[in-house]
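Asker: Below: one structure in structure tokens.
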Amino acid sequence: MDTFEKLSLLTADMKLEVAEDVRPPLAQTCPSFQPAQRGGGCEDPLQGFPISHAVMPNGRRMPILKTLVTSACERNCNYCCFRAGRDFRRVTFKPEEMANAIVKMTERGMIEGAFISSGVAGGGAHTQDRLIAMAEVLRNKLHYRGYLHLKLMPGSEYDQVLRSMQLADRISTNLEGPNSKRLQSLAPQKVFLEELLQPLRWAEQIRRSMPGHLGWNGHWPSTTTQFVVGAVGESDLELLSTTAYLNKNVRLARGYFSGFSPTPDTPFEEKEACNPWREHRLYQASFLLRDYGFDLEELPFEGEGNLPLERDPKLVWAQRNLSEAPLEVNRAGKEQLLRIPGFGPKSVQTILTARRSGLLHSLEDLKALGVTASRAAPFILVNGRRPAVQLSLWP
Ligand code: SF4
């Protein structure tokens, strides 16, 4: 098999790994959805090669190669298509081979970056050495300046975390479960605190203790993680508690929620797939925690510790707290405005800026600022009055 045949085999199997991917759960309702595209032209040997997309902080979608250094794995995670003993064709790349493939695809304009992970082969630390070796060839020998996301293997050591941070734009460790108990059911050989959480803690320790000693492009990389959702009975409360802890303690840029989907010939092959609405509500709630000033206790968990599937958690909160006490958009503070459905950080900033020039008199004034006011209408006063549209929207 040549390099690109091997890459095609690997990337096709990486559907469980959503970190970076533009793969929101409700593609049909989300404008940011963009499915994997096919690279190359008709005569191109890379025709049909699957390309993923990463969303940058400014919202731009960047085409990336998302793959593994090896699909060989000695671990036995119950949900994973790469688990030890599963019968399929495994492939492994040498660090130079992978680095050269990334450069070649970049030169052809197919990708602008890469997200590189690996099965665990020869121990987590040994595997991390291979990922670092690949990244060093890319950055130091081939002078690659594109985006690079490196996975931190379970059991990565402090020096490996530091070296990975010096070479990558983003690093991540998949916690998989929200705590030790759930992880034990998902991945019996992984150790939550020592193997998975500790590398994330070290990454934050490095950012804090070496502010002048930065990564390859002058910034320390951001950190993400991923959870498998819906396979072992974990609640939304468990998942979001851990997310809130990570936001606060390791400055998590983003937690990804990968709805479980059964893979044949694994111990979980008979389990039901996760309802995609659950992923969607978890993302909404995690953004409320990260960007909207909500505390975990304010999220509308129901009896079993799960969010209602049928309603946006911010809307539920507003219906309980603002329907009888609407907020005056001319006086409410930033934190209050962020609580109003339909108002995001950008629209709140727009409102705050516009208020310096005078009173807002009606929903039309908000619309003229580019603010989507219809969802907000039942929960606001504009210049002392409930917007007229409210009567038709709010039973
Ligand atoms: S460590 Fe677990 S999740 Fe990762 S590739 Fe191996 S079996 Fe899959």
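For the structure tokens, the naming scheme is as follows: chains receive sequential letters (A, B, ...) according to their order of presentation, residues are indexed from 1 within each chain, and ligands are indexed from 1 in presentation order.
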At a cut-off of 6 Å and counting only C-alpha atoms and all ligand atoms, what residues surround ligand 1? Please answer as an NGL selection string.
Answerer: :A and (73 or 75-77 or 80 or 82-83 or 119-120)
Asker: Based on DSSP run over this structure's backbone, return all residues of stretch 5-225 of chain A in alpha helix (DSSP H), as an NGL selection string.
Answerer: :A and (5-13 or 95-107 or 124-136 or 158-167 or 180-186 or 198-209)
Asker: I want to know what sits within 7 Å of A:Pro313, based on only C-alpha atoms, with residues of the same chain fewer than 4 positions away left out; could you give that as a list in words?
Answerer: Ala285, Leu299, Pro300 and Trp317 of chain A
Asker: With N, CA and C atoms retained, write the just-selected residues as an mmCIF file, in the first residue's frame.
Answerer:
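selection_7.cif, written as the output of this step:
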data_model
loop_
_atom_site.group_PDB
_atom_site.id
_atom_site.type_symbol
_atom_site.label_atom_id
_atom_site.label_comp_id
_atom_site.auth_asym_id
_atom_site.auth_seq_id
_atom_site.Cartn_x
_atom_site.Cartn_y
_atom_site.Cartn_z
ATOM 1 N N ALA A 285 -25.328 23.872 26.243
ATOM 2 C CA ALA A 285 -25.091 24.099 27.675
ATOM 3 C C ALA A 285 -23.619 24.408 27.938
ATOM 4 N N LEU A 299 -28.247 25.537 35.142
ATOM 5 C CA LEU A 299 -28.711 24.806 33.954
ATOM 6 C C LEU A 299 -29.936 23.964 34.322
ATOM 7 N N PRO A 300 -30.872 23.817 33.396
ATOM 8 C CA PRO A 300 -32.165 23.190 33.735
ATOM 9 C C PRO A 300 -32.141 21.662 33.685
ATOM 10 N N TRP A 317 -34.182 28.386 30.836
ATOM 11 C CA TRP A 317 -33.792 29.258 31.954
ATOM 12 C C TRP A 317 -34.552 30.583 31.863
#
Asker: What lies within 10 Å of stretch 173-186 of chain A using only C-alpha atoms, ignoring chain neighbours under 3 positions off, as a PyMOL selection string?
Answerer: chain A and resi 17+19+76-80+117+150-154+156+189-193+195-200+223-229+231-243+255-258+267-268
Asker: Considering only C-alpha atoms, can you say which of A:Ile132, A:Leu138, A:Ile206, A:Leu10 comes closest to A:Cys81?
Answerer: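 For A:Cys81, the nearest of the given residues is A:Leu10.
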Asker: From the options A:Leu288, A:Leu68, A:Leu148, A:Cys274, which residue's atoms come nearest to A:Pro341, counting only C-alpha atoms?
Answerer: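 Using only C-alpha atoms, A:Pro341 sits closest to A:Leu288.
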Asker: Just checking: using only C-alpha atoms, which residue out of A:Ala253, A:Ala318, A:Ala273, A:Ile351 ends up closest to A:Gly333?
Answerer: A:Ile351
Asker: Report, in Å to a single decimal, how far apart atom CA of A:Trp202 and atom CA of A:Asn247 are.
Answerer: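 Interatomic distance here is 14.6 Å.
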Asker: Could you list, as a list in words, every residue within 9 Å of A:Trp220, counting only C-alpha atoms and ignoring same-chain residues fewer than 5 positions away?
Answerer: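 Close residues of A:Trp220: Met165, Gln166, Ala168, Asp169, Arg170, Ile206, Arg207, Pro211, His213, Leu214 and Gly215 of chain A.
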Asker: Can you tell me which residues surround stretch 360-364 of chain A at a distance of at most 8 Å, considering only C-alpha atoms, apart from same-chain residues fewer than 2 positions away, and format the answer as a list in words?
Answerer: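 Using only C-alpha atoms, the neighbours found are Val329, Asn330, Arg355, Gly358, Leu366, Lys367, Ala368, Ala373, Ala377, Val382, Asn383 and Pro387 of chain A.
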Asker: Taking only stretch 34-224 of chain A into account, list the residues labelled strand (DSSP E or B) by DSSP (computed from the backbone), as a PyMOL selection string.
Answerer: chain A and resi 37-39+49-55+61-68+70+92+113-117+147-151+170-172+176+222-224
Asker: With C-alpha atoms retained, could you export that selection as a PDB file, in the first residue's frame?
Answerer:
ATOM      1  CA  GLN A  37     -15.304  16.920   1.041  1.00  0.00           C
ATOM      2  CA  ARG A  38     -13.414  15.036  -1.591  1.00  0.00           C
ATOM      3  CA  GLY A  39     -10.014  16.260  -2.670  1.00  0.00           C
ATOM      4  CA  PHE A  49      -9.535  11.395  -0.412  1.00  0.00           C
ATOM      5  CA  PRO A  50     -11.703  12.503   2.553  1.00  0.00           C
ATOM      6  CA  ILE A  51     -10.890  15.959   3.892  1.00  0.00           C
ATOM      7  CA  SER A  52     -12.183  17.169   7.272  1.00  0.00           C
ATOM      8  CA  HIS A  53     -12.690  20.740   8.395  1.00  0.00           C
ATOM      9  CA  ALA A  54     -11.695  22.559  11.556  1.00  0.00           C
ATOM     10  CA  VAL A  55     -13.391  25.718  12.792  1.00  0.00           C
ATOM     11  CA  ARG A  61     -13.488  26.590   8.220  1.00  0.00           C
ATOM     12  CA  MET A  62     -10.087  25.179   7.498  1.00  0.00           C
ATOM     13  CA  PRO A  63      -9.594  21.994   5.457  1.00  0.00           C
ATOM     14  CA  ILE A  64      -7.455  19.536   7.412  1.00  0.00           C
ATOM     15  CA  LEU A  65      -6.147  16.000   7.232  1.00  0.00           C
ATOM     16  CA  LYS A  66      -7.403  14.050  10.226  1.00  0.00           C
ATOM     17  CA  THR A  67      -5.621  10.777  10.712  1.00  0.00           C
ATOM     18  CA  LEU A  68      -3.576   8.415  12.879  1.00  0.00           C
ATOM     19  CA  THR A  70      -0.938   4.016  13.474  1.00  0.00           C
ATOM     20  CA  THR A  92       1.353   2.370  10.450  1.00  0.00           C
ATOM     21  CA  GLY A 113      -3.516  21.784   8.508  1.00  0.00           C
ATOM     22  CA  ALA A 114      -3.554  18.388  10.170  1.00  0.00           C
ATOM     23  CA  PHE A 115      -4.996  16.715  13.230  1.00  0.00           C
ATOM     24  CA  ILE A 116      -2.815  13.759  14.124  1.00  0.00           C
ATOM     25  CA  SER A 117      -3.672  11.108  16.690  1.00  0.00           C
ATOM     26  CA  TYR A 147      -2.030  24.295  11.515  1.00  0.00           C
ATOM     27  CA  LEU A 148      -1.184  21.229  13.600  1.00  0.00           C
ATOM     28  CA  HIS A 149      -3.326  19.591  16.279  1.00  0.00           C
ATOM     29  CA  LEU A 150      -1.470  16.873  18.201  1.00  0.00           C
ATOM     30  CA  LYS A 151      -3.201  14.360  20.398  1.00  0.00           C
ATOM     31  CA  ARG A 170      -3.675  22.771  19.560  1.00  0.00           C
ATOM     32  CA  ILE A 171      -3.272  19.764  21.855  1.00  0.00           C
ATOM     33  CA  SER A 172      -5.902  17.466  23.307  1.00  0.00           C
ATOM     34  CA  GLU A 176     -13.817   9.871  27.057  1.00  0.00           C
ATOM     35  CA  SER A 222      -5.066  25.745  23.158  1.00  0.00           C
ATOM     36  CA  THR A 223      -6.400  22.585  24.797  1.00  0.00           C
ATOM     37  CA  THR A 224      -9.485  20.517  24.036  1.00  0.00           C
TER      38      THR A 224
END
